[in-house]
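Reviewing the structure listed below.
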Amino acid sequence: MYDTPFLERNIVTQEVKISARDCQVHYGDNHAIKDVNVDIEDKTVTAFIGPSGCGKSTFLRCLNRMNDTIDICRVEGRITLDGEDIYDPKVDPVQLRAKVGMVFQKPNPFPKSIYDNVAYGPKIHGLARSKAELDEIVEKALRRGAIWDEVKDRLTAPGTGLSGGQQQRLCIARAVATEPEVLLMDEPCSALDPIATAQVEELIDELREQYSVVIVTHSMQQAARVSQKTAFFHMGSLVEFGETGQIFTNPRDPRTESYITGRIG
Amino acid sequence: MTDAAKTPTARGAKGVSLLAPDAHTRKRNAAEARFRIYGLVAVGIGLFFLVALLSSIVMNGIGAFQQTGYRLQIELREDVLDKTGTRDIENIKKVKTFAYAQLIRAAMLREIEKAGIDTPLAQAKVTGFSSDLDPMMSDGARAHLRDLVLADPGLIGQTIELRLLASSRVDGYLKGRVSRDSIARDKNLDTVHLDLVDALRSVGVVNTAFNPAFILGSDASDARPEQAGMGVAILGSLFMMLVVLVLSLPIGVASSIYLEEFAPKNRFTDLIEVNISNLAAVPSIVFGILGLAVFIQFMHLPQSAPLVGGLVLTLMTLPTIIIATRASLQSVPPSIRDAALGVGASKMQAVFHHVLPLAMPGILTGTIIGLAQALGETAPLLLIGMVGYIASNYPDGVASGFLDPNSAMPAQIFEWAKRADPAFYERAWGGIIILLVVLLSMNFIAILLRRRFERRW
């Protein structure tokens, strides 16, 4: 996958999963996200790139309402998942987050066993009726997280005892265990070494078959490697959004060009 | 720094050897060495005072755990205790302790005779009524004997071997607190008594042995310090600690979880936070007078009751527990909360499934430290009258529950320290040892719990 030239990629436009219209985010007096309009497609990896502090992580956290936990954060505009407004007062964020899973920048397994880490989500959502069913869900999630072979003999060992890369794949397995429809990843590889990064990237490419994946990354190479769509954020605005190949080879906006050629950021 | 500014090229110049430290480095190293010495001196002073404190407590107080007594063969004569011979408990109850004193005197005279001791105190032995011997015995001895007979009237007519308490002055003589010089001005005891004690000691009738009554027994009047014990006060403290634990742990933990995890951050919650921190610094006597005004004068709860003491100490402990709990909740990394919310847990599930278990060691440590603080608190107890004088144990005594008058360990120590007789002074130090042992074991439990819960991390 790493050697595929951009222009030869087979681009298939999928149906829109998440759509944001005139999205504004304020942190207190700070206008962090300005007028963002974006359509995130199903079964596609969408990368958010941009310099530090440009708002890409903030916008990502809007997509599953993780910003609700920050008191001073205020979100305006309309963000829909399958056409339903996720900021509708009738929406329970807990239900939303079960549909839109999230993987964080720093691997953050619970200080519990590997099994419990993965089983926690299905347990609280009541996805398993029996222990056997739960075992099955855990195994499936760990296999999808590409970590099953490494941990199958020590499921009772603490998740915090794994290496950084394994922890991050465990967190991905934990996120997919609740059968989400969208997977948000906030710089999932920034704390990992190149080998672990390669494993996670490979995993992201596999996950694309079932989920809509949104990944925030600082590494433009990573965005180029794993994503089909790329959004470039700068100073809180979405500067350019399009096919990854087009963004990296033929950016329309001068700011995008400056960033990907290393002149800003 | 000034050196470097003056000769900017000196250190950077070629040819300066690394083997010889320059002036600046020497100065820096000397400052560091000086600081280490200050630190060691400070730690040394601290350790010295700790050792001095502990050794003086132990040296002064260890005597309270030992008590002098006489081993006597007491003939429980039927003609004295039960003249009718019917063993009717009502008749036996009519016999006062005065009669029992005769039996003890007689037993003592027999021991003197058996050992062949020549003492002027035994001159009246023919009658067996030599009250000259009485100052050697504890006033409690005859009462103790009477209780024994009342509990089992079948003993009447038998001769039983019994250990009876010596008076506090004889006890002090054996422990070195009372000397022949100091006794000169004492009306209660003469040197002839001390001669007799020495002689009895050499034949093994008098000895000093471990005194469980000091730990289990109740307080005693001014006249008989040899009988006084901490038992009732320990019970009172235990009742209070139960009240404090049951009230302050749930209230403290629940309010800190709410404030830390759920409450909106606004001026009102800021105000509450500041006030909680201020409450922790309020002098304990203020809580005492508050308890007096609210619980006793307004709510008419009984005075001297462990329930009221526990309520007052709860007020005092709450800020400590809340501050400790909030600190340990804050120390749980936010990534754990994110992780739980990210897989679709509700706020409450995130807190109770993940944050609280991780904060548990800190919460428990804070709670136990708060309890230990409450256990050693004296001032508020004085104001609500938790200095009850209870001279008999449960079930005979009144200290049986949360609403009965009681005392507490620190209040009991304070009471003893106040009394004139130096024998009580020794008991006050002994009480401090018991209090310290209880406090240290509580801290030890805190450490154990901490270890136990931290292993899950």
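Just so we're on the same page: first chain in the structure tokens is A, next is B, and so on; residues restart at 1 for each chain, and ligands are numbered from 1 in the order they show up.
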
Write out as a Markdown table the residues of chain B that have any atom within 8 Å of an atom of chain A, one row each with the nearest atom pair and its distance in Å to one decimal, counting only C-alpha atoms, sorted by chain and then rising number.
| residue | atom | partner | partner_atom | distance |
| --- | --- | --- | --- | --- |
| B:Pro264 | CA | A:Asp71 | CA | 7.3 |
| B:Lys265 | CA | A:Asp71 | CA | 7.4 |
| B:Ser335 | CA | A:Asn108 | CA | 6.0 |
| B:Ile336 | CA | A:Asn108 | CA | 6.4 |
| B:Asp338 | CA | A:Met66 | CA | 7.9 |
| B:Ala339 | CA | A:Asn108 | CA | 6.5 |
| B:Leu341 | CA | A:Arg97 | CA | 7.4 |
| B:Gly342 | CA | A:Met102 | CA | 5.4 |
| B:Val343 | CA | A:Gly121 | CA | 5.5 |
| B:Gly344 | CA | A:Ala98 | CA | 4.6 |
| B:Ala345 | CA | A:Val94 | CA | 6.2 |
| B:Ser346 | CA | A:Val94 | CA | 5.7 |
| B:His354 | CA | A:Phe110 | CA | 7.5 |
| B:Arg456 | CA | A:Pro111 | CA | 6.8 |
| B:Trp457 | CA | A:Pro111 | CA | 5.2 |

Any chance you can output those residues with all heavy atoms as a CSV table (one decimal), in the first residue's frame?
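As written to disk, part.csv reads:
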chain,number,residue,atom,x,y,z
B,264,PRO,N,-20.9,21.9,37.9
B,264,PRO,CA,-20.4,22.9,37.0
B,264,PRO,C,-19.4,23.8,37.7
B,264,PRO,O,-19.5,24.0,38.9
B,264,PRO,CB,-21.7,23.7,36.6
B,264,PRO,CG,-22.6,23.5,37.7
B,264,PRO,CD,-22.3,22.1,38.3
B,265,LYS,N,-18.4,24.2,36.9
B,265,LYS,CA,-17.4,25.1,37.5
B,265,LYS,C,-17.9,26.5,37.5
B,265,LYS,O,-17.9,27.1,36.4
B,265,LYS,CB,-16.1,25.0,36.8
B,265,LYS,CG,-15.5,23.6,36.8
B,265,LYS,CD,-14.6,23.4,38.0
B,265,LYS,CE,-14.2,21.9,38.1
B,265,LYS,NZ,-15.3,21.0,38.5
B,335,SER,N,-7.0,10.7,30.8
B,335,SER,CA,-7.1,9.8,29.7
B,335,SER,C,-8.0,8.6,30.1
B,335,SER,O,-8.6,8.1,29.2
B,335,SER,CB,-5.7,9.3,29.3
B,335,SER,OG,-5.1,8.6,30.3
B,336,ILE,N,-8.0,8.3,31.4
B,336,ILE,CA,-8.9,7.2,31.8
B,336,ILE,C,-10.3,7.6,31.6
B,336,ILE,O,-11.2,6.8,31.1
B,336,ILE,CB,-8.6,6.8,33.2
B,336,ILE,CG1,-7.2,6.2,33.4
B,336,ILE,CG2,-9.6,5.7,33.7
B,336,ILE,CD1,-6.9,4.9,32.6
B,338,ASP,N,-11.5,9.8,29.5
B,338,ASP,CA,-11.7,9.9,28.1
B,338,ASP,C,-11.9,8.5,27.5
B,338,ASP,O,-12.8,8.3,26.7
B,338,ASP,CB,-10.5,10.5,27.4
B,338,ASP,CG,-10.4,12.0,27.5
B,338,ASP,OD1,-11.4,12.6,28.0
B,338,ASP,OD2,-9.4,12.6,27.1
B,339,ALA,N,-11.1,7.6,28.0
B,339,ALA,CA,-11.2,6.2,27.4
B,339,ALA,C,-12.6,5.6,27.7
B,339,ALA,O,-13.2,5.0,26.9
B,339,ALA,CB,-10.1,5.3,28.0
B,341,LEU,N,-15.4,7.3,28.5
B,341,LEU,CA,-16.4,8.0,27.7
B,341,LEU,C,-16.3,7.6,26.2
B,341,LEU,O,-17.4,7.5,25.6
B,341,LEU,CB,-16.2,9.5,27.9
B,341,LEU,CG,-16.4,10.1,29.3
B,341,LEU,CD1,-16.1,11.6,29.3
B,341,LEU,CD2,-17.8,9.8,29.8
B,342,GLY,N,-15.1,7.4,25.7
B,342,GLY,CA,-14.9,7.1,24.3
B,342,GLY,C,-15.6,5.8,23.9
B,342,GLY,O,-16.0,5.6,22.8
B,343,VAL,N,-15.7,4.8,24.9
B,343,VAL,CA,-16.4,3.6,24.5
B,343,VAL,C,-17.8,3.6,24.8
B,343,VAL,O,-18.5,2.6,24.8
B,343,VAL,CB,-15.7,2.3,25.2
B,343,VAL,CG1,-14.3,2.1,24.7
B,343,VAL,CG2,-15.8,2.4,26.7
B,344,GLY,N,-18.3,4.8,25.2
B,344,GLY,CA,-19.7,5.0,25.4
B,344,GLY,C,-20.2,4.8,26.8
B,344,GLY,O,-21.4,4.5,27.0
B,345,ALA,N,-19.3,4.9,27.8
B,345,ALA,CA,-19.8,4.8,29.2
B,345,ALA,C,-20.4,6.2,29.5
B,345,ALA,O,-20.0,7.2,29.0
B,345,ALA,CB,-18.6,4.6,30.1
B,346,SER,N,-21.4,6.2,30.4
B,346,SER,CA,-21.9,7.4,30.9
B,346,SER,C,-21.0,8.0,31.9
B,346,SER,O,-20.0,7.4,32.3
B,346,SER,CB,-23.3,7.2,31.5
B,346,SER,OG,-23.1,6.5,32.7
B,354,HIS,N,-14.2,3.3,36.8
B,354,HIS,CA,-12.8,3.5,36.5
B,354,HIS,C,-12.1,4.5,37.4
B,354,HIS,O,-11.0,4.2,37.9
B,354,HIS,CB,-12.6,3.9,35.0
B,354,HIS,CG,-13.1,2.9,34.1
B,354,HIS,ND1,-12.5,1.7,33.8
B,354,HIS,CD2,-14.2,2.9,33.3
B,354,HIS,CE1,-13.2,1.0,33.0
B,354,HIS,NE2,-14.3,1.7,32.7
B,456,ARG,N,-3.5,-3.0,41.8
B,456,ARG,CA,-4.4,-3.1,40.6
B,456,ARG,C,-3.9,-2.2,39.4
B,456,ARG,O,-4.3,-2.4,38.3
B,456,ARG,CB,-5.8,-2.8,40.9
B,456,ARG,CG,-6.3,-3.7,42.0
B,456,ARG,CD,-7.7,-3.3,42.4
B,456,ARG,NE,-8.6,-3.2,41.3
B,456,ARG,CZ,-9.8,-2.9,41.3
B,456,ARG,NH1,-10.4,-2.8,42.5
B,456,ARG,NH2,-10.6,-2.7,40.3
B,457,TRP,N,-3.2,-1.3,39.7
B,457,TRP,CA,-2.7,-0.3,38.7
B,457,TRP,C,-1.9,-0.9,37.6
B,457,TRP,O,-1.0,-1.6,37.8
B,457,TRP,CB,-2.0,0.8,39.5
B,457,TRP,CG,-1.7,2.0,38.7
B,457,TRP,CD1,-0.5,2.8,38.9
B,457,TRP,CD2,-2.4,2.8,37.8
B,457,TRP,NE1,-0.6,3.9,38.1
B,457,TRP,CE2,-1.7,3.9,37.4
B,457,TRP,CE3,-3.7,2.6,37.2
B,457,TRP,CZ2,-2.2,4.8,36.5
B,457,TRP,CZ3,-4.1,3.5,36.3
B,457,TRP,CH2,-3.4,4.6,36.0

Where in range 47-246 of chain A does DSSP assign helix (DSSP H, G or I), given as a PyMOL selection string?
chain A and resi 56-62+66-69+93-99+114-125+131-144+148-151+159-161+164-177+194-207+220-226+244-246

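The gap separating CA of Val312 in chain B from CA of Ala327 in chain B is 24.0 Å, in Å to one decimal.
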
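Nearest to Val355 in chain B of all the residues B:Ala423, B:Glu261, B:Phe239, B:Pro21 is B:Glu261, counting only C-alpha atoms.
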
List the spatial neighbours of range 61-63 of chain A as a list of chain:residue names - criterion: any atom at most 9 Å away, only C-alpha atoms, same-chain residues fewer than 3 positions off excluded.
A:Ile18, A:Ala20, A:Val25, A:Lys56, A:Ser57, A:Thr58, A:Met66, A:Asn67, A:Asp68, A:Val75, A:Ile79, A:Thr80, A:Leu81, A:Ile86, A:Val100, A:Met102, A:Leu184, A:Asp186

Can you spit out the residues from that selection as a short mmCIF file (atom, residue, chain, number, x, y, z; two decimals), in the first residue's frame, using all heavy atoms?
data_model
loop_
_atom_site.label_atom_id
_atom_site.label_comp_id
_atom_site.auth_asym_id
_atom_site.auth_seq_id
_atom_site.Cartn_x
_atom_site.Cartn_y
_atom_site.Cartn_z
N ILE A 18 -20.88 11.32 7.82
CA ILE A 18 -20.99 12.47 8.72
C ILE A 18 -20.89 13.73 7.88
O ILE A 18 -20.03 13.82 7.00
CB ILE A 18 -19.86 12.47 9.78
CG1 ILE A 18 -19.99 11.26 10.69
CG2 ILE A 18 -19.88 13.76 10.59
CD1 ILE A 18 -18.91 11.17 11.73
N ALA A 20 -20.82 18.02 8.26
CA ALA A 20 -20.80 19.20 9.13
C ALA A 20 -21.10 20.43 8.29
O ALA A 20 -20.60 20.56 7.17
CB ALA A 20 -19.43 19.35 9.79
N VAL A 25 -16.71 26.35 16.82
CA VAL A 25 -16.41 25.93 18.20
C VAL A 25 -15.74 27.08 18.92
O VAL A 25 -14.82 27.70 18.38
CB VAL A 25 -15.50 24.68 18.23
CG1 VAL A 25 -15.19 24.30 19.67
CG2 VAL A 25 -16.16 23.51 17.53
N LYS A 56 -7.76 20.78 14.38
CA LYS A 56 -8.18 19.50 13.80
C LYS A 56 -8.65 18.52 14.87
O LYS A 56 -9.67 17.84 14.70
CB LYS A 56 -7.06 18.90 12.93
CG LYS A 56 -5.73 18.75 13.61
CD LYS A 56 -4.63 18.50 12.60
CE LYS A 56 -3.30 18.16 13.24
NZ LYS A 56 -2.79 19.10 14.22
N SER A 57 -7.92 18.49 16.03
CA SER A 57 -8.36 17.59 17.11
C SER A 57 -9.67 18.07 17.71
O SER A 57 -10.54 17.26 18.04
CB SER A 57 -7.30 17.52 18.22
OG SER A 57 -6.18 16.82 17.77
N THR A 58 -9.81 19.37 17.86
CA THR A 58 -11.05 19.93 18.40
C THR A 58 -12.23 19.53 17.53
O THR A 58 -13.27 19.09 18.03
CB THR A 58 -10.94 21.47 18.44
OG1 THR A 58 -9.81 21.80 19.21
CG2 THR A 58 -12.18 22.08 19.04
N MET A 66 -17.20 14.59 22.39
CA MET A 66 -16.28 14.51 23.52
C MET A 66 -16.04 15.90 24.11
O MET A 66 -15.60 16.04 25.24
CB MET A 66 -14.95 13.88 23.10
CG MET A 66 -14.96 12.38 23.03
SD MET A 66 -15.41 11.56 24.57
CE MET A 66 -13.82 11.45 25.36
N ASN A 67 -16.30 16.92 23.30
CA ASN A 67 -16.12 18.27 23.80
C ASN A 67 -17.14 18.64 24.87
O ASN A 67 -16.96 19.61 25.59
CB ASN A 67 -16.21 19.28 22.66
CG ASN A 67 -14.94 19.29 21.84
OD1 ASN A 67 -13.88 18.92 22.33
ND2 ASN A 67 -15.06 19.69 20.59
N ASP A 68 -18.20 17.84 24.98
CA ASP A 68 -19.20 18.09 26.02
C ASP A 68 -18.58 18.08 27.40
O ASP A 68 -19.08 18.72 28.33
CB ASP A 68 -20.29 17.02 25.98
CG ASP A 68 -21.20 17.20 24.79
OD1 ASP A 68 -20.82 17.96 23.89
OD2 ASP A 68 -22.27 16.58 24.76
N VAL A 75 -20.30 24.44 20.99
CA VAL A 75 -20.32 24.03 19.59
C VAL A 75 -21.57 24.57 18.93
O VAL A 75 -22.67 24.44 19.48
CB VAL A 75 -20.28 22.49 19.47
CG1 VAL A 75 -20.28 22.06 18.01
CG2 VAL A 75 -19.05 21.93 20.19
N ILE A 79 -24.06 19.24 12.78
CA ILE A 79 -23.27 18.05 12.43
C ILE A 79 -24.24 16.87 12.42
O ILE A 79 -24.96 16.64 13.41
CB ILE A 79 -22.13 17.80 13.44
CG1 ILE A 79 -21.20 19.01 13.50
CG2 ILE A 79 -21.35 16.55 13.07
CD1 ILE A 79 -20.09 18.89 14.51
N THR A 80 -24.28 16.16 11.31
CA THR A 80 -25.23 15.05 11.23
C THR A 80 -24.50 13.74 11.02
O THR A 80 -23.46 13.68 10.37
CB THR A 80 -26.22 15.23 10.07
OG1 THR A 80 -25.46 15.36 8.86
CG2 THR A 80 -27.09 16.45 10.26
N LEU A 81 -25.06 12.71 11.63
CA LEU A 81 -24.59 11.34 11.41
C LEU A 81 -25.76 10.60 10.77
O LEU A 81 -26.83 10.53 11.37
CB LEU A 81 -24.21 10.70 12.75
CG LEU A 81 -23.85 9.23 12.73
CD1 LEU A 81 -22.54 8.98 12.03
CD2 LEU A 81 -23.80 8.67 14.15
N ILE A 86 -26.48 15.35 15.54
CA ILE A 86 -25.97 14.75 16.78
C ILE A 86 -26.00 15.74 17.94
O ILE A 86 -25.84 15.35 19.08
CB ILE A 86 -24.54 14.20 16.60
CG1 ILE A 86 -23.54 15.31 16.25
CG2 ILE A 86 -24.51 13.10 15.56
CD1 ILE A 86 -22.10 14.85 16.31
N VAL A 100 -19.96 6.11 17.45
CA VAL A 100 -18.77 6.78 16.97
C VAL A 100 -17.65 6.54 17.98
O VAL A 100 -17.56 7.23 18.98
CB VAL A 100 -19.02 8.29 16.78
CG1 VAL A 100 -17.81 8.96 16.17
CG2 VAL A 100 -20.25 8.53 15.93
N MET A 102 -13.73 6.08 19.55
CA MET A 102 -12.60 7.00 19.50
C MET A 102 -11.34 6.32 20.02
O MET A 102 -11.37 5.56 20.98
CB MET A 102 -12.92 8.24 20.33
CG MET A 102 -11.86 9.30 20.20
SD MET A 102 -12.54 10.93 20.50
CE MET A 102 -11.19 11.95 20.00
N LEU A 184 -12.99 7.38 15.22
CA LEU A 184 -12.20 8.61 15.23
C LEU A 184 -10.85 8.30 15.86
O LEU A 184 -10.78 7.64 16.89
CB LEU A 184 -12.90 9.69 16.05
CG LEU A 184 -14.36 9.98 15.70
CD1 LEU A 184 -14.92 11.04 16.64
CD2 LEU A 184 -14.48 10.43 14.26
N ASP A 186 -7.33 10.13 17.10
CA ASP A 186 -6.64 11.40 17.35
C ASP A 186 -5.15 11.14 17.45
O ASP A 186 -4.66 10.71 18.50
CB ASP A 186 -7.19 12.01 18.65
CG ASP A 186 -6.71 13.43 18.84
OD1 ASP A 186 -5.92 13.91 18.02
OD2 ASP A 186 -7.13 14.06 19.83
#

Do you know which residues are at most 6 Å from range 212-229 of chain B counting only C-alpha atoms, after dropping those on the same chain fewer than 6 positions away, and could you put them as a ChimeraX atom specification?
/B:168,390-393,424

Taking a cut-off of 7 Å and counting only C-alpha atoms, can you build a table that, for each residue of range 311-369 of chain B near range 440-453 of chain B, reports the nearest atom pair and how far apart they are in Å (one decimal), sorted by chain then residue number, as JSON lines?
{"residue": "B:Pro361", "atom": "CA", "partner": "B:Arg450", "partner_atom": "CA", "distance": 4.7}
{"residue": "B:Leu364", "atom": "CA", "partner": "B:Ala446", "partner_atom": "CA", "distance": 6.8}
{"residue": "B:Thr365", "atom": "CA", "partner": "B:Ala446", "partner_atom": "CA", "distance": 5.2}
{"residue": "B:Ile368", "atom": "CA", "partner": "B:Ala446", "partner_atom": "CA", "distance": 6.2}
